[in-house]
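Below you'll find the structure, written out as structure tokens, and then a few comments.
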Amino acid sequence: MTAETPITTLIFDVDDTLYDVSTGFTDHRNGEAAQRFMMEYLNFPDLESAKKIRDQYFEKYHATAKALTIAEQDGAFPPPDPTKPTKVPRFDPKDLADYWTSNLDFRLLGGKKIKLLQDLESCGLKLVAFSNGPRRYVKRVLVELGLFNVFGDERLYAVDDVLPFCKPEKEAFEKIFADVGVRADECVMIEDSMKNIKRANELGMKTVLVIGKGRMKNCKRSGAICVEDTGESTNTRDAPDMDDPAVDFVVETVDELRQKIPGLWASPAIFMPTE
Ligand SMILES: [Mg+2]
């Protein structure tokens, strides 16, 4: 870690990073809500068969929109309902974005994050949101959290903006570096997903792993990983691992950032955690 490199940009994941994993919102979205979408739009007969395909492809492709795109190409969908008009391709990421935006219970997010908003507003750095979710959905989440205006449309990158790539593919990150006009080593990635943290580190970014409220005590710095419920991770391979050398710093929630890494609020900003 080169503490001297001035930092210009903070790049935030959104789901399970800007809100806490314990809200249950991610389980709600990736669980029953995604499965109901697959029943309604893709003719899956029941929740279980939808879950099986969604989880199998999500593990490999890291975003539900990309997972369903590839699942269709692989012929993993049940035959279409002959009584309904069928489009080609049958899965359109816009349908998923619309479905999530209108059907999810956004109250689970717990409302606006006033203190985090104040922290971010007083931070002199470029602030970027980078999600593997569909744009309309991600924007709605940021609006519900009261954080949309700190990013705005121009600093919000969703899966639609980087397809056919998505995190953790390097092309997705590189698109953002080019667009924002920064080098990787001036950026800090704030993330809950290990696979994205590892790629960010490989590319030369500083990394902050967000593990979830109250979880520090359960994650020993002894090589053990957190194997309790891990939000978007459908398996323990993506579970938070505080000892992974790709992790520069660990917080339970983003609310701690300012207190734990005050150098990011200094001018020039430096990545120098308090521990
Ligand atoms: Mg996430």
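Please note that chains go A, B, ... in the order of the structure tokens, that every chain numbers its residues from 1, and that ligands are numbered from 1 in the order shown.
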Go through chain A residue by residue and, counting only C-alpha atoms and all ligand atoms, keep those with an atom at most 9 Å from ligand 1; for each kept residue give the shortest atom pair and its distance in Å to one decimal, ordered by chain and increasing number, as JSON lines.
{"residue": "A:Asp13", "atom": "CA", "partner": "ligand 1", "partner_atom_place_in_ligand_line": "1 (Mg)", "distance": 5.5}
{"residue": "A:Val14", "atom": "CA", "partner": "ligand 1", "partner_atom_place_in_ligand_line": "1 (Mg)", "distance": 5.7}
{"residue": "A:Asp15", "atom": "CA", "partner": "ligand 1", "partner_atom_place_in_ligand_line": "1 (Mg)", "distance": 4.1}
{"residue": "A:Asp16", "atom": "CA", "partner": "ligand 1", "partner_atom_place_in_ligand_line": "1 (Mg)", "distance": 4.7}
{"residue": "A:Thr17", "atom": "CA", "partner": "ligand 1", "partner_atom_place_in_ligand_line": "1 (Mg)", "distance": 5.5}
{"residue": "A:Leu18", "atom": "CA", "partner": "ligand 1", "partner_atom_place_in_ligand_line": "1 (Mg)", "distance": 8.4}
{"residue": "A:Val21", "atom": "CA", "partner": "ligand 1", "partner_atom_place_in_ligand_line": "1 (Mg)", "distance": 8.8}
{"residue": "A:Thr26", "atom": "CA", "partner": "ligand 1", "partner_atom_place_in_ligand_line": "1 (Mg)", "distance": 8.8}
{"residue": "A:Ser131", "atom": "CA", "partner": "ligand 1", "partner_atom_place_in_ligand_line": "1 (Mg)", "distance": 7.3}
{"residue": "A:Asn132", "atom": "CA", "partner": "ligand 1", "partner_atom_place_in_ligand_line": "1 (Mg)", "distance": 8.1}
{"residue": "A:Glu191", "atom": "CA", "partner": "ligand 1", "partner_atom_place_in_ligand_line": "1 (Mg)", "distance": 6.1}
{"residue": "A:Asp192", "atom": "CA", "partner": "ligand 1", "partner_atom_place_in_ligand_line": "1 (Mg)", "distance": 5.1}
{"residue": "A:Ser193", "atom": "CA", "partner": "ligand 1", "partner_atom_place_in_ligand_line": "1 (Mg)", "distance": 5.7}
{"residue": "A:Asn196", "atom": "CA", "partner": "ligand 1", "partner_atom_place_in_ligand_line": "1 (Mg)", "distance": 8.9}
{"residue": "A:Val210", "atom": "CA", "partner": "ligand 1", "partner_atom_place_in_ligand_line": "1 (Mg)", "distance": 8.9}
{"residue": "A:Gly231", "atom": "CA", "partner": "ligand 1", "partner_atom_place_in_ligand_line": "1 (Mg)", "distance": 7.8}
{"residue": "A:Glu232", "atom": "CA", "partner": "ligand 1", "partner_atom_place_in_ligand_line": "1 (Mg)", "distance": 6.5}
{"residue": "A:Ser233", "atom": "CA", "partner": "ligand 1", "partner_atom_place_in_ligand_line": "1 (Mg)", "distance": 8.9}
How about saving the chosen residues, C-alpha atoms kept, as a PDB file, in the first residue's frame?
ATOM      1  CA  ASP A  13     -20.715  -0.403  -4.930  1.00  0.00           C
ATOM      2  CA  VAL A  14     -24.421   0.070  -4.109  1.00  0.00           C
ATOM      3  CA  ASP A  15     -26.167  -3.136  -2.937  1.00  0.00           C
ATOM      4  CA  ASP A  16     -25.030  -4.299   0.517  1.00  0.00           C
ATOM      5  CA  THR A  17     -22.475  -1.471   0.512  1.00  0.00           C
ATOM      6  CA  LEU A  18     -24.417   1.828   0.669  1.00  0.00           C
ATOM      7  CA  VAL A  21     -26.773  -6.362   4.303  1.00  0.00           C
ATOM      8  CA  THR A  26     -30.770  -8.082  -1.195  1.00  0.00           C
ATOM      9  CA  SER A 131     -23.354  -1.379  -9.550  1.00  0.00           C
ATOM     10  CA  ASN A 132     -24.068  -4.617 -11.375  1.00  0.00           C
ATOM     11  CA  GLU A 191     -17.371  -2.968  -1.818  1.00  0.00           C
ATOM     12  CA  ASP A 192     -18.904  -5.946  -0.058  1.00  0.00           C
ATOM     13  CA  SER A 193     -18.003  -8.501  -2.751  1.00  0.00           C
ATOM     14  CA  ASN A 196     -14.820  -7.255  -6.956  1.00  0.00           C
ATOM     15  CA  VAL A 210     -17.719  -3.636   3.831  1.00  0.00           C
ATOM     16  CA  GLY A 231     -25.911 -11.052   0.828  1.00  0.00           C
ATOM     17  CA  GLU A 232     -25.171 -11.374  -2.882  1.00  0.00           C
ATOM     18  CA  SER A 233     -22.714 -14.205  -2.376  1.00  0.00           C
TER      19      SER A 233
END
Could you list, as a compact mmCIF listing (two decimals) with N, CA and C atoms, in the first residue's frame, every residue within 12 Å of range 70-84 of chain A, counting only C-alpha atoms and ignoring same-chain residues fewer than 5 positions away?
# COMPACT_ATOMS: atom_id res chain seq x y z
N MET A 38 -39.14 -14.16 -13.02
CA MET A 38 -38.86 -15.26 -13.96
C MET A 38 -40.12 -16.07 -14.24
N MET A 39 -41.01 -16.20 -13.25
CA MET A 39 -42.28 -16.90 -13.47
C MET A 39 -43.18 -16.08 -14.39
N GLU A 40 -43.22 -14.77 -14.12
CA GLU A 40 -44.15 -13.91 -14.85
C GLU A 40 -43.70 -13.66 -16.29
N TYR A 41 -42.39 -13.43 -16.47
CA TYR A 41 -41.90 -13.02 -17.80
C TYR A 41 -41.27 -14.16 -18.60
N LEU A 42 -40.77 -15.19 -17.92
CA LEU A 42 -39.98 -16.20 -18.64
C LEU A 42 -40.57 -17.59 -18.52
N ASN A 43 -41.81 -17.63 -17.97
CA ASN A 43 -42.58 -18.89 -17.93
C ASN A 43 -41.98 -19.99 -17.06
N PHE A 44 -41.20 -19.60 -16.04
CA PHE A 44 -40.76 -20.63 -15.07
C PHE A 44 -42.00 -21.09 -14.29
N PRO A 45 -42.14 -22.42 -14.06
CA PRO A 45 -43.37 -22.93 -13.46
C PRO A 45 -43.50 -22.62 -11.97
N ASP A 46 -42.39 -22.47 -11.26
CA ASP A 46 -42.47 -22.23 -9.81
C ASP A 46 -41.21 -21.52 -9.32
N SER A 49 -37.74 -23.71 -9.35
CA SER A 49 -37.03 -23.90 -10.63
C SER A 49 -36.39 -22.58 -11.07
N ALA A 50 -37.05 -21.46 -10.77
CA ALA A 50 -36.48 -20.16 -11.12
C ALA A 50 -35.23 -19.90 -10.28
N LYS A 51 -35.30 -20.21 -9.00
CA LYS A 51 -34.16 -19.99 -8.10
C LYS A 51 -32.94 -20.79 -8.55
N LYS A 52 -33.20 -22.03 -8.94
CA LYS A 52 -32.09 -22.92 -9.33
C LYS A 52 -31.30 -22.30 -10.50
N ILE A 53 -31.99 -21.85 -11.51
CA ILE A 53 -31.31 -21.28 -12.69
C ILE A 53 -30.68 -19.93 -12.36
N ARG A 54 -31.43 -19.09 -11.65
CA ARG A 54 -30.90 -17.76 -11.30
C ARG A 54 -29.60 -17.90 -10.50
N ASP A 55 -29.61 -18.75 -9.48
CA ASP A 55 -28.43 -18.88 -8.61
C ASP A 55 -27.26 -19.51 -9.37
N GLN A 56 -27.56 -20.52 -10.18
CA GLN A 56 -26.51 -21.21 -10.94
C GLN A 56 -25.78 -20.23 -11.86
N TYR A 57 -26.51 -19.36 -12.55
CA TYR A 57 -25.88 -18.43 -13.48
C TYR A 57 -25.33 -17.19 -12.78
N PHE A 58 -25.96 -16.79 -11.67
CA PHE A 58 -25.46 -15.62 -10.94
C PHE A 58 -24.07 -15.90 -10.38
N GLU A 59 -23.87 -17.13 -9.93
CA GLU A 59 -22.57 -17.48 -9.35
C GLU A 59 -21.45 -17.27 -10.36
N LYS A 60 -21.76 -17.50 -11.61
CA LYS A 60 -20.76 -17.38 -12.68
C LYS A 60 -20.72 -15.98 -13.29
N TYR A 61 -21.87 -15.30 -13.33
CA TYR A 61 -21.93 -14.06 -14.11
C TYR A 61 -22.18 -12.80 -13.26
N HIS A 62 -22.39 -12.96 -11.95
CA HIS A 62 -22.28 -11.85 -10.98
C HIS A 62 -23.36 -10.76 -11.07
N ALA A 63 -24.26 -10.81 -12.03
CA ALA A 63 -25.36 -9.85 -12.09
C ALA A 63 -26.57 -10.61 -12.61
N THR A 64 -27.74 -10.39 -12.00
CA THR A 64 -28.92 -11.15 -12.43
C THR A 64 -29.21 -10.90 -13.90
N ALA A 65 -29.06 -9.63 -14.37
CA ALA A 65 -29.34 -9.31 -15.78
C ALA A 65 -28.42 -10.10 -16.71
N PRO A 89 -34.80 -11.57 -28.12
CA PRO A 89 -34.73 -12.57 -27.06
C PRO A 89 -35.88 -12.39 -26.05
N ARG A 90 -36.16 -13.45 -25.32
CA ARG A 90 -37.28 -13.38 -24.36
C ARG A 90 -36.91 -12.53 -23.15
N PHE A 91 -35.62 -12.62 -22.73
CA PHE A 91 -35.23 -11.81 -21.57
C PHE A 91 -34.68 -10.46 -22.02
N ASP A 92 -35.30 -9.41 -21.49
CA ASP A 92 -34.83 -8.05 -21.76
C ASP A 92 -34.47 -7.43 -20.40
N PRO A 93 -33.19 -7.03 -20.21
CA PRO A 93 -32.79 -6.45 -18.92
C PRO A 93 -33.69 -5.28 -18.50
N PRO A 164 -21.29 -5.44 -22.65
CA PRO A 164 -21.48 -6.82 -22.21
C PRO A 164 -20.64 -7.22 -21.00
message = Residues within 6 Å of Ala158 in chain A, please, as a list in words. Count only C-alpha atoms; anything in the same chain fewer than 3 positions from it doesn't count.
response =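 Near neighbours after the sequence-gap exclusion: Phe130, Ser131, Asn132, Gly133, Pro134, Arg135 and Asp161 of chain A.
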task = Would you kindly return, as a list in words, each protein, DNA or RNA residue with an atom no farther than 9 Å from any atom of range 178-187 of chain A, considering only C-alpha atoms and excluding same-chain residues fewer than 3 positions away?
result =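 Result of the neighbour search: Thr5, Pro6, Ile7, Thr8, Thr9, Leu10, Ile11, Lys126, Val128, Arg155, Phe173, Glu174, Lys175, Ala200, Leu203, Gly204, Met205, Lys206 and Thr207 of chain A.
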How would the residues just chosen look if you wrote them out with C-alpha atoms as a short mmCIF file (atom, residue, chain, number, x, y, z; two decimals), in the first residue's frame?
data_model
loop_
_atom_site.label_atom_id
_atom_site.label_comp_id
_atom_site.auth_asym_id
_atom_site.auth_seq_id
_atom_site.Cartn_x
_atom_site.Cartn_y
_atom_site.Cartn_z
CA THR A 5 -0.56 8.42 -3.48
CA PRO A 6 -3.16 11.20 -3.48
CA ILE A 7 -6.69 9.90 -3.84
CA THR A 8 -9.10 11.71 -6.15
CA THR A 9 -12.02 9.34 -6.45
CA LEU A 10 -14.20 7.09 -4.30
CA ILE A 11 -16.06 4.36 -6.18
CA LYS A 126 -15.13 12.62 -7.06
CA VAL A 128 -18.89 7.39 -8.25
CA ARG A 155 -21.43 9.53 -11.92
CA PHE A 173 -13.72 -0.98 -14.39
CA GLU A 174 -11.63 0.41 -17.25
CA LYS A 175 -14.71 1.91 -18.87
CA ALA A 200 -9.99 -3.68 -7.86
CA LEU A 203 -6.01 -3.08 -11.12
CA GLY A 204 -4.16 -0.95 -8.56
CA MET A 205 -7.05 0.59 -6.63
CA LYS A 206 -7.14 0.87 -2.84
CA THR A 207 -9.87 -1.30 -1.36
#
ask   = Would you give me, as a ChimeraX atom specification, the residues in range 14-240 of chain A that DSSP reads as strand (DSSP E or B)?
value = /A:126-130,156-157,187-191,206-210
request  = Name the residues in contact with Leu108 in chain A at a cut-off of 8 Å, using only C-alpha atoms, excluding same-chain residues fewer than 2 positions from it; report them as a PyMOL selection string.
outcome  = chain A and resi 23-25+105-106+110
query = Out of range 36-266 of chain A, which residues get alpha helix (DSSP H) from DSSP, as JSON, numbers by chain?
reply = {"A": [36, 37, 38, 39, 40, 41, 42, 47, 48, 49, 50, 51, 52, 53, 54, 55, 56, 57, 58, 59, 60, 61, 64, 65, 66, 67, 68, 69, 70, 71, 72, 73, 93, 94, 95, 96, 97, 98, 99, 100, 101, 102, 103, 114, 115, 116, 117, 118, 119, 120, 121, 135, 136, 137, 138, 139, 140, 141, 142, 143, 144, 148, 149, 150, 151, 159, 160, 161, 162, 170, 171, 172, 173, 174, 175, 176, 177, 178, 179, 180, 194, 195, 196, 197, 198, 199, 200, 201, 202, 203, 257, 258, 259, 260]}
inquiry  = At a cut-off of 6 Å, using only C-alpha atoms, what residues contact range 141-146 of chain A? Leave out same-chain residues fewer than 2 positions from it and give the result as a PyMOL selection string.
reply    = chain A and resi 111-113+138-139+148
key: One-decimal distance in Å that lies between CA of Tyr137 in chain A and CA of Trp100 in chain A   =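 Interatomic distance, CA of Trp100 in chain A to CA of Tyr137 in chain A: 6.3 Å.
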note = Atom pair CA of Lys217 in chain A + CA of Arg107 in chain A, distance 28.1 Å
task = Give the answer as one residue: which of A:Ala172, A:Val208, A:Leu264, A:Met272 has the shortest atom-to-atom distance to Met242 in chain A, using only C-alpha atoms?
result =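 Closest to Met242 in chain A of all the choices is A:Val208.
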message = As an exercise, work out the distance from CA of Gly212 in chain A to CA of Tyr19 in chain A in Å and give it to one decimal place.
response =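 It comes out at 9.0 Å.
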ask   = Using only C-alpha atoms, which residue out of A:Asp20, A:Glu169, A:Ala34, A:Glu154 lies closest to Leu109 in chain A?
value =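 Result for the nearest residue to Leu109 in chain A: A:Asp20.
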task = Pick out the closest residue to Leu117 in chain A from this set: A:Leu147, A:Ala239, A:Ala33, A:Ala269. Count only C-alpha atoms.
result =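 When distances to Leu117 in chain A are compared using only C-alpha atoms, the smallest one comes from A:Leu147.
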